[in-house]
Amino acid sequence: MQDTRHRIIVLGAGYTGAVAAGRIAKRLRREDVAITLVNAEPDFVERVRMHQLAAGQELKTRPFERMFAGTGVEVRLARVTAVDVDRKTVTVTRTGADAADARTELSYDTLVYALGSQWADHGVPGVAEHAHEVASRPGALRLRERLAGLRAGEPVVVVGGGLTGIEAATEIAEARPDLDVALVVRGAFGDWLSDKGRAHLRGAADRLGITVHENTEVTEVGADRIRTARTTGTDGDGAEAPVSASVPAAVTVWTTGFAVHPVAKATTLEVTETGQIAVDRTMRSRSHPDVYAIGDAAFAIGDADKPLRMSCASGVPMAWQAADALAARLSGTKVPTVGLRYFHQCISLGRGDGLIQYVTADDTAVRSALTGRTAALYKELICKAAAWSVAHPTLGMPARRRGAARQP
C-alpha cells in the first residue's frame with residue numbers, strides 16, 4: 001500500500017534541528033506525516049559545552065534513540081552530501097560502525113534545513129594545518145588529547161575574543177593553571193559589553209593568569225608559534241602602522257567565527273554571500289516555499305529588524321517558529337509568530353565564575369550585568385534548559401496534534 005503521508009525531512013540534529021523535528025511531531029498527527037531526522041551522529045551534542053569537553057570534563061550522553069522513542073520521528077544516521085531543491089531530494093551517506101559506504105537518495109515534500117555551521121579559517125595561512133577548534137565534538141576531543149600531553153609552562157594561544165574564545169581560554173586556564181594561556185583579540189577585550197561586564201571579564205582573565213593581546217590580528221599559524229600584527233604608533237605619513245610579532249604557541253585554538261555548511265550554496269536556493277539561506281519571518285525559504293531553514297544555516301531578521309547572530313539563543317526560537325509555521329500551514333490553521341529577540345548573553349569563565357550581560361532586543365548591552373558565582377549557576381541553568389528543551393520541544397506544555405493535508 002502506498003504511503004500517502006506528507007514527507008518531512010529535517011537535516012541536522014543540533015539544537016535547532018532536533019527541537020524542530022520533535023516540535024513538528026507534537027503538532028501533527030502521525031498518520032498524516034512521516035518525519036525523518038538525518039544526522040551523522042547517534043546522540044545529541046551540546047555544542048555550547050565543547051570548551052568543557054576540551055578541558056577534560058565528561059559530558060552526559062543523550063542518545064537520539066531514547067530521546068525520540070515513541071514520538072514518531074525516525075532518526076537516520078547519515079551524512080548529507082547533496083540537496084536538490086528542484087527535484088525535492090536529499091543525497092546521504094550512511095554513518096556508523098556497521099554502516100556500508102552506501103549513498104541513498106531521500107525524497108521529501110517539505111525540507112527543514114538545519115545543518116548548522118563549522119569553524120572557519122578565514123584564509124589565514126597555517127590554520128587548517130596547525131590550529132585546533134572547539135566547534136565540533138571531534139575537534140574538542142582532539143584538543144583535549146593535545147592539552148593532556150602538554151608539560152607545565154607550555155604556551156596555549158586562543159585566537160578570537162568572542163564568547164567561544166573567552167569560554168575556551170578561561171576553561172583551559174582554570175583546568176590547567178600550570179599552562180601559559182594567552183588570548184588574542186582583534187579589538188579591545190570585551191568591547192561590546194557594559195562597563196561592569198568588561199571590568200569583570202578583565203578581572204577574570206587576570207585571576208586566571210591569561211595574557212590578553214588586544215588590537216591584534218593573527219596573520220599566520222605555525223606548528224609552535226603564531227605571527228601577529230598589532231596596530232600601534234604611526235608610520236612616516238602619520239598613519240597607523242602594524243607591528244609584527246611572533247608569539248610562542250605549543251597549541252593554537254582557533255575561535256574567530258563560523259562558516260555555514262557548504263551544501264546550501266551548491267543548490268538553487270537563494271543564499272547570502274556567506275551561504276546562509278534567505279528566509280522570511282516564519283523561517284521559510286524566500287525562493288523555495290517547501291524549504292525551511294533554521295539556526296546558523298539561515299539568514300533571518302529578528303524582531304529588532306536586525307539579522308540574528310549564529311547562536312543557540314537565536315537557533316531555538318527559530319526552530320519553534322519554523323515548526324509551528326510548517327504545522328499550521330499543513331493543518332490549515334493560522335500561522336503563529338514566535339518572538340525572535342535577545343535578552344542576555346551568558347558567558348562561563350571557568351566552572352565557578354560567569355558573566356550574564358543583559359541586552360536589548362537587538363543584542364546591545366545595557367548597564368545591568370550579573371557576575372561571579374551566581375552568574376556561573378545562571379549559565380549552567382541555561383545550558384541544562386537548552387538540552388532539556390531538545391527532548392521537550394513544547395517546554396512541557398500540552399500539545400494538540402492536528403490533521404495535516406496528505407499527498408494526492
# chains A, B, ... in the order shown; residues from 1 in each chain; ligands from 1
>>> residues_around(residues="segment 310-315 of chain A", least_positions_apart="6", cutoff="7 Å", atoms="only C-alpha atoms", output="list of chain:residue names")
A:Tyr15, A:Thr16, A:Ile294, A:Gly295, A:Asp296
>>> write_last_selection(atoms="all heavy atoms", output="PDB file, in the first residue's frame")
ATOM      1  N   TYR A  15      20.866  21.701  18.172  1.00  0.00           N
ATOM      2  CA  TYR A  15      19.771  22.274  18.955  1.00  0.00           C
ATOM      3  C   TYR A  15      18.556  22.556  18.074  1.00  0.00           C
ATOM      4  O   TYR A  15      17.424  22.210  18.426  1.00  0.00           O
ATOM      5  CB  TYR A  15      20.226  23.574  19.626  1.00  0.00           C
ATOM      6  CG  TYR A  15      21.191  23.380  20.759  1.00  0.00           C
ATOM      7  CD1 TYR A  15      22.555  23.479  20.565  1.00  0.00           C
ATOM      8  CD2 TYR A  15      20.736  23.085  22.043  1.00  0.00           C
ATOM      9  CE1 TYR A  15      23.452  23.301  21.604  1.00  0.00           C
ATOM     10  CE2 TYR A  15      21.618  22.895  23.096  1.00  0.00           C
ATOM     11  CZ  TYR A  15      22.976  23.009  22.866  1.00  0.00           C
ATOM     12  OH  TYR A  15      23.862  22.813  23.896  1.00  0.00           O
ATOM     13  N   THR A  16      18.772  23.183  16.918  1.00  0.00           N
ATOM     14  CA  THR A  16      17.633  23.623  16.111  1.00  0.00           C
ATOM     15  C   THR A  16      16.929  22.470  15.405  1.00  0.00           C
ATOM     16  O   THR A  16      15.705  22.371  15.425  1.00  0.00           O
ATOM     17  CB  THR A  16      18.080  24.666  15.075  1.00  0.00           C
ATOM     18  OG1 THR A  16      19.085  24.105  14.227  1.00  0.00           O
ATOM     19  CG2 THR A  16      18.639  25.891  15.751  1.00  0.00           C
ATOM     20  N   ILE A 294      16.769  26.978   9.468  1.00  0.00           N
ATOM     21  CA  ILE A 294      16.833  27.446  10.863  1.00  0.00           C
ATOM     22  C   ILE A 294      18.262  27.382  11.392  1.00  0.00           C
ATOM     23  O   ILE A 294      19.113  26.694  10.844  1.00  0.00           O
ATOM     24  CB  ILE A 294      15.901  26.614  11.771  1.00  0.00           C
ATOM     25  CG1 ILE A 294      16.186  25.124  11.604  1.00  0.00           C
ATOM     26  CG2 ILE A 294      14.446  26.923  11.483  1.00  0.00           C
ATOM     27  CD1 ILE A 294      15.324  24.233  12.489  1.00  0.00           C
ATOM     28  N   GLY A 295      18.481  28.117  12.468  1.00  0.00           N
ATOM     29  CA  GLY A 295      19.791  28.102  13.102  1.00  0.00           C
ATOM     30  C   GLY A 295      20.839  28.847  12.296  1.00  0.00           C
ATOM     31  O   GLY A 295      20.529  29.766  11.529  1.00  0.00           O
ATOM     32  N   ASP A 296      22.095  28.419  12.448  1.00  0.00           N
ATOM     33  CA  ASP A 296      23.199  29.093  11.774  1.00  0.00           C
ATOM     34  C   ASP A 296      23.073  29.063  10.266  1.00  0.00           C
ATOM     35  O   ASP A 296      23.644  29.900   9.565  1.00  0.00           O
ATOM     36  CB  ASP A 296      24.532  28.443  12.175  1.00  0.00           C
ATOM     37  CG  ASP A 296      24.865  28.642  13.645  1.00  0.00           C
ATOM     38  OD1 ASP A 296      24.125  29.365  14.335  1.00  0.00           O
ATOM     39  OD2 ASP A 296      25.865  28.059  14.110  1.00  0.00           O
TER      40      ASP A 296
END
>>> closest_atom_pairs(of="segment 236-297 of chain A", to="segment 38-53 of chain A", cutoff="12 Å", atoms="only C-alpha atoms", output="JSON lines")
{"residue": "A:Val253", "atom": "CA", "partner": "A:His51", "partner_atom": "CA", "distance": 10.5}
{"residue": "A:Trp254", "atom": "CA", "partner": "A:His51", "partner_atom": "CA", "distance": 12.0}
{"residue": "A:Thr255", "atom": "CA", "partner": "A:His51", "partner_atom": "CA", "distance": 10.8}
>>> write_last_selection(atoms="N, CA, C and O atoms", output="CSV table (one decimal), in the first residue's frame")
chain,number,residue,atom,x,y,z
A,253,VAL,N,44.3,27.5,19.5
A,253,VAL,CA,42.9,27.2,19.4
A,253,VAL,C,42.2,28.3,18.6
A,253,VAL,O,42.3,29.5,19.0
A,254,TRP,N,41.6,28.0,17.5
A,254,TRP,CA,41.0,29.0,16.6
A,254,TRP,C,39.5,29.1,16.8
A,254,TRP,O,38.8,28.2,16.6
A,255,THR,N,39.1,30.3,17.2
A,255,THR,CA,37.7,30.6,17.5
A,255,THR,C,37.2,31.9,16.9
A,255,THR,O,36.5,32.7,17.6
>>> closest_atom_pairs(of="segment 164-219 of chain A", to="segment 119-133 of chain A", cutoff="12 Å", atoms="only C-alpha atoms", output="tab-separated table")
residue	atom	partner	partner_atom	distance
A:Thr164	CA	A:Glu133	CA	10.1
A:Gly165	CA	A:Glu133	CA	10.0
A:Ala168	CA	A:Glu133	CA	9.8
A:Glu217	CA	A:Val124	CA	10.3
A:Val218	CA	A:Val124	CA	7.8
A:Thr219	CA	A:Val124	CA	6.2
>>> atom_distance(atom1="atom CA of Val247 of chain A", atom2="atom CA of Thr170 of chain A")
18.9 Å
>>> closest_atom_pairs(of="segment 133-225 of chain A", to="segment 365-372 of chain A", cutoff="10 Å", atoms="only C-alpha atoms", output="JSON lines")
{"residue": "A:Trp192", "atom": "CA", "partner": "A:Ala365", "partner_atom": "CA", "distance": 6.9}
{"residue": "A:Leu193", "atom": "CA", "partner": "A:Ala365", "partner_atom": "CA", "distance": 5.7}
{"residue": "A:Ser194", "atom": "CA", "partner": "A:Arg367", "partner_atom": "CA", "distance": 5.4}
{"residue": "A:Asp195", "atom": "CA", "partner": "A:Arg367", "partner_atom": "CA", "distance": 7.1}
{"residue": "A:Lys196", "atom": "CA", "partner": "A:Ala369", "partner_atom": "CA", "distance": 6.7}
{"residue": "A:Gly197", "atom": "CA", "partner": "A:Ala369", "partner_atom": "CA", "distance": 6.1}
{"residue": "A:Arg198", "atom": "CA", "partner": "A:Ala369", "partner_atom": "CA", "distance": 9.8}
{"residue": "A:His200", "atom": "CA", "partner": "A:Thr371", "partner_atom": "CA", "distance": 7.1}
{"residue": "A:Leu201", "atom": "CA", "partner": "A:Thr371", "partner_atom": "CA", "distance": 9.1}
{"residue": "A:Ala204", "atom": "CA", "partner": "A:Gly372", "partner_atom": "CA", "distance": 9.2}
>>> write_last_selection(atoms="all heavy atoms", output="mmCIF file, in the first residue's frame")
data_model
loop_
_atom_site.group_PDB
_atom_site.id
_atom_site.type_symbol
_atom_site.label_atom_id
_atom_site.label_comp_id
_atom_site.auth_asym_id
_atom_site.auth_seq_id
_atom_site.Cartn_x
_atom_site.Cartn_y
_atom_site.Cartn_z
ATOM 1 N N TRP A 192 32.197 44.967 23.485
ATOM 2 C CA TRP A 192 30.749 45.037 23.253
ATOM 3 C C TRP A 192 29.953 44.990 24.559
ATOM 4 O O TRP A 192 28.739 45.180 24.570
ATOM 5 C CB TRP A 192 30.300 43.886 22.346
ATOM 6 C CG TRP A 192 30.229 42.555 23.040
ATOM 7 C CD1 TRP A 192 29.125 41.987 23.608
ATOM 8 C CD2 TRP A 192 31.301 41.636 23.272
ATOM 9 N NE1 TRP A 192 29.437 40.761 24.172
ATOM 10 C CE2 TRP A 192 30.769 40.534 23.971
ATOM 11 C CE3 TRP A 192 32.660 41.639 22.956
ATOM 12 C CZ2 TRP A 192 31.567 39.449 24.358
ATOM 13 C CZ3 TRP A 192 33.445 40.558 23.333
ATOM 14 C CH2 TRP A 192 32.894 39.486 24.023
ATOM 15 N N LEU A 193 30.639 44.770 25.686
ATOM 16 C CA LEU A 193 29.974 44.624 26.973
ATOM 17 C C LEU A 193 29.763 45.965 27.666
ATOM 18 O O LEU A 193 30.334 46.991 27.275
ATOM 19 C CB LEU A 193 30.810 43.714 27.883
ATOM 20 C CG LEU A 193 31.046 42.282 27.392
ATOM 21 C CD1 LEU A 193 32.114 41.604 28.244
ATOM 22 C CD2 LEU A 193 29.749 41.486 27.425
ATOM 23 N N SER A 194 28.971 45.944 28.719
ATOM 24 C CA SER A 194 28.807 47.129 29.562
ATOM 25 C C SER A 194 30.091 47.365 30.354
ATOM 26 O O SER A 194 30.979 46.498 30.401
ATOM 27 C CB SER A 194 27.642 46.920 30.528
ATOM 28 O OG SER A 194 27.935 45.847 31.424
ATOM 29 N N ASP A 195 30.201 48.500 31.001
ATOM 30 C CA ASP A 195 31.390 48.786 31.820
ATOM 31 C C ASP A 195 31.572 47.734 32.902
ATOM 32 O O ASP A 195 32.685 47.257 33.153
ATOM 33 C CB ASP A 195 31.271 50.172 32.462
ATOM 34 C CG ASP A 195 31.379 51.306 31.447
ATOM 35 O OD1 ASP A 195 31.845 51.035 30.314
ATOM 36 O OD2 ASP A 195 30.986 52.436 31.781
ATOM 37 N N LYS A 196 30.477 47.357 33.544
ATOM 38 C CA LYS A 196 30.545 46.348 34.597
ATOM 39 C C LYS A 196 30.975 44.995 34.031
ATOM 40 O O LYS A 196 31.839 44.310 34.604
ATOM 41 C CB LYS A 196 29.186 46.206 35.292
ATOM 42 C CG LYS A 196 29.177 45.168 36.406
ATOM 43 C CD LYS A 196 27.803 45.068 37.063
ATOM 44 C CE LYS A 196 27.803 44.000 38.159
ATOM 45 N NZ LYS A 196 26.466 43.903 38.817
ATOM 46 N N GLY A 197 30.391 44.621 32.909
ATOM 47 C CA GLY A 197 30.736 43.343 32.292
ATOM 48 C C GLY A 197 32.178 43.301 31.840
ATOM 49 O O GLY A 197 32.888 42.303 32.045
ATOM 50 N N ARG A 198 32.641 44.382 31.227
ATOM 51 C CA ARG A 198 34.017 44.455 30.741
ATOM 52 C C ARG A 198 35.013 44.387 31.904
ATOM 53 O O ARG A 198 36.028 43.688 31.825
ATOM 54 C CB ARG A 198 34.201 45.740 29.941
ATOM 55 C CG ARG A 198 35.491 45.807 29.151
ATOM 56 C CD ARG A 198 35.391 46.851 28.041
ATOM 57 N NE ARG A 198 34.875 48.136 28.528
ATOM 58 C CZ ARG A 198 33.691 48.634 28.184
ATOM 59 N NH1 ARG A 198 32.887 47.948 27.394
ATOM 60 N NH2 ARG A 198 33.307 49.812 28.643
ATOM 61 N N HIS A 200 34.543 42.984 34.833
ATOM 62 C CA HIS A 200 34.557 41.642 35.406
ATOM 63 C C HIS A 200 35.319 40.673 34.498
ATOM 64 O O HIS A 200 36.060 39.805 34.995
ATOM 65 C CB HIS A 200 33.132 41.127 35.623
ATOM 66 C CG HIS A 200 33.085 39.817 36.343
ATOM 67 N ND1 HIS A 200 33.280 39.714 37.706
ATOM 68 C CD2 HIS A 200 32.915 38.542 35.900
ATOM 69 C CE1 HIS A 200 33.218 38.438 38.068
ATOM 70 N NE2 HIS A 200 33.000 37.713 36.986
ATOM 71 N N LEU A 201 35.147 40.823 33.194
ATOM 72 C CA LEU A 201 35.847 39.963 32.247
ATOM 73 C C LEU A 201 37.364 40.129 32.390
ATOM 74 O O LEU A 201 38.110 39.140 32.438
ATOM 75 C CB LEU A 201 35.411 40.320 30.826
ATOM 76 C CG LEU A 201 35.939 39.442 29.696
ATOM 77 C CD1 LEU A 201 35.453 38.010 29.864
ATOM 78 C CD2 LEU A 201 35.494 40.000 28.350
ATOM 79 N N ALA A 204 38.580 38.496 35.571
ATOM 80 C CA ALA A 204 38.635 37.033 35.466
ATOM 81 C C ALA A 204 39.895 36.593 34.735
ATOM 82 O O ALA A 204 40.559 35.620 35.124
ATOM 83 C CB ALA A 204 37.394 36.509 34.753
#
>>> closest_residue(among="A:Cys346, A:Ile9, A:Ile166, A:Ala375", to="Tyr292 of chain A", atoms="only C-alpha atoms")
A:Ile9
>>> select_by_dssp(residues="segment 177-391 of chain A", states="strand (DSSP E or B)", output="ChimeraX atom specification")
/A:180-184,211-213,216-221,225-234,240-248,251-254,258-260,271,277-279,284-285,291-293,298-299,301,307,344-348,354-359,365-371
>>> residues_around(residues="segment 76-93 of chain A", least_positions_apart="5", cutoff="7 Å", atoms="only C-alpha atoms", output="list in words")
Thr36, Leu37, Val38, Asn39, Ala40, Glu41, Pro42, Asp101, Ala102, Arg103, Thr104, Glu105, Leu106, Ser107, Tyr108, Asp109, Val263, Thr267 and Thr268 of chain A
>>> closest_residue(among="A:Ala199, A:Ala259, A:Ala300, A:Val73", to="Val279 of chain A", atoms="only C-alpha atoms")
A:Ala300
>>> select_by_dssp(residues="segment 181-386 of chain A", states="alpha helix (DSSP H)", output="PyMOL selection string")
chain A and resi 195-207+312-331+372-386
>>> closest_residue(among="A:Ser285, A:Asp206, A:Arg137, A:Gly161", to="Val185 of chain A", atoms="only C-alpha atoms")
A:Gly161
>>> residues_around(residues="Val338 of chain A", least_positions_apart="3", cutoff="12 Å", atoms="only C-alpha atoms", output="CSV table (one decimal) with C-alpha atoms, in the first residue's frame")
chain,number,residue,atom,x,y,z
A,281,ARG,CA,9.8,35.8,9.2
A,282,THR,CA,8.4,32.2,9.5
A,283,MET,CA,11.8,30.7,8.5
A,302,GLY,CA,14.7,39.3,14.2
A,303,ASP,CA,12.1,41.4,15.9
A,314,SER,CA,18.8,32.5,18.1
A,316,VAL,CA,16.0,27.5,19.3
A,317,PRO,CA,13.3,30.2,18.8
A,318,MET,CA,13.9,29.9,15.0
A,319,ALA,CA,13.2,26.2,15.3
A,320,TRP,CA,10.0,26.9,17.3
A,321,GLN,CA,8.9,29.4,14.6
A,322,ALA,CA,9.6,27.0,11.7
A,323,ALA,CA,7.9,24.0,13.3
A,324,ASP,CA,4.8,26.0,14.3
A,325,ALA,CA,4.6,27.7,10.9
A,335,VAL,CA,0.4,30.7,11.2
A,341,ARG,CA,14.7,38.7,20.2
>>> residues_around(residues="Ala21 of chain A", least_positions_apart="2", cutoff="10 Å", atoms="only C-alpha atoms", output="list in words")
Ile8, Ile9, Val10, Leu11, Gly12, Ala13, Thr16, Gly17, Ala18, Val19, Arg23, Ile24, Ala25, Lys26, Ile35, Thr36, Leu37, Phe68, Thr71, Gly72, Val73, Glu74, Val75, Val112, Ala319, Trp320, Ala323, Val390 and Pro393 of chain A
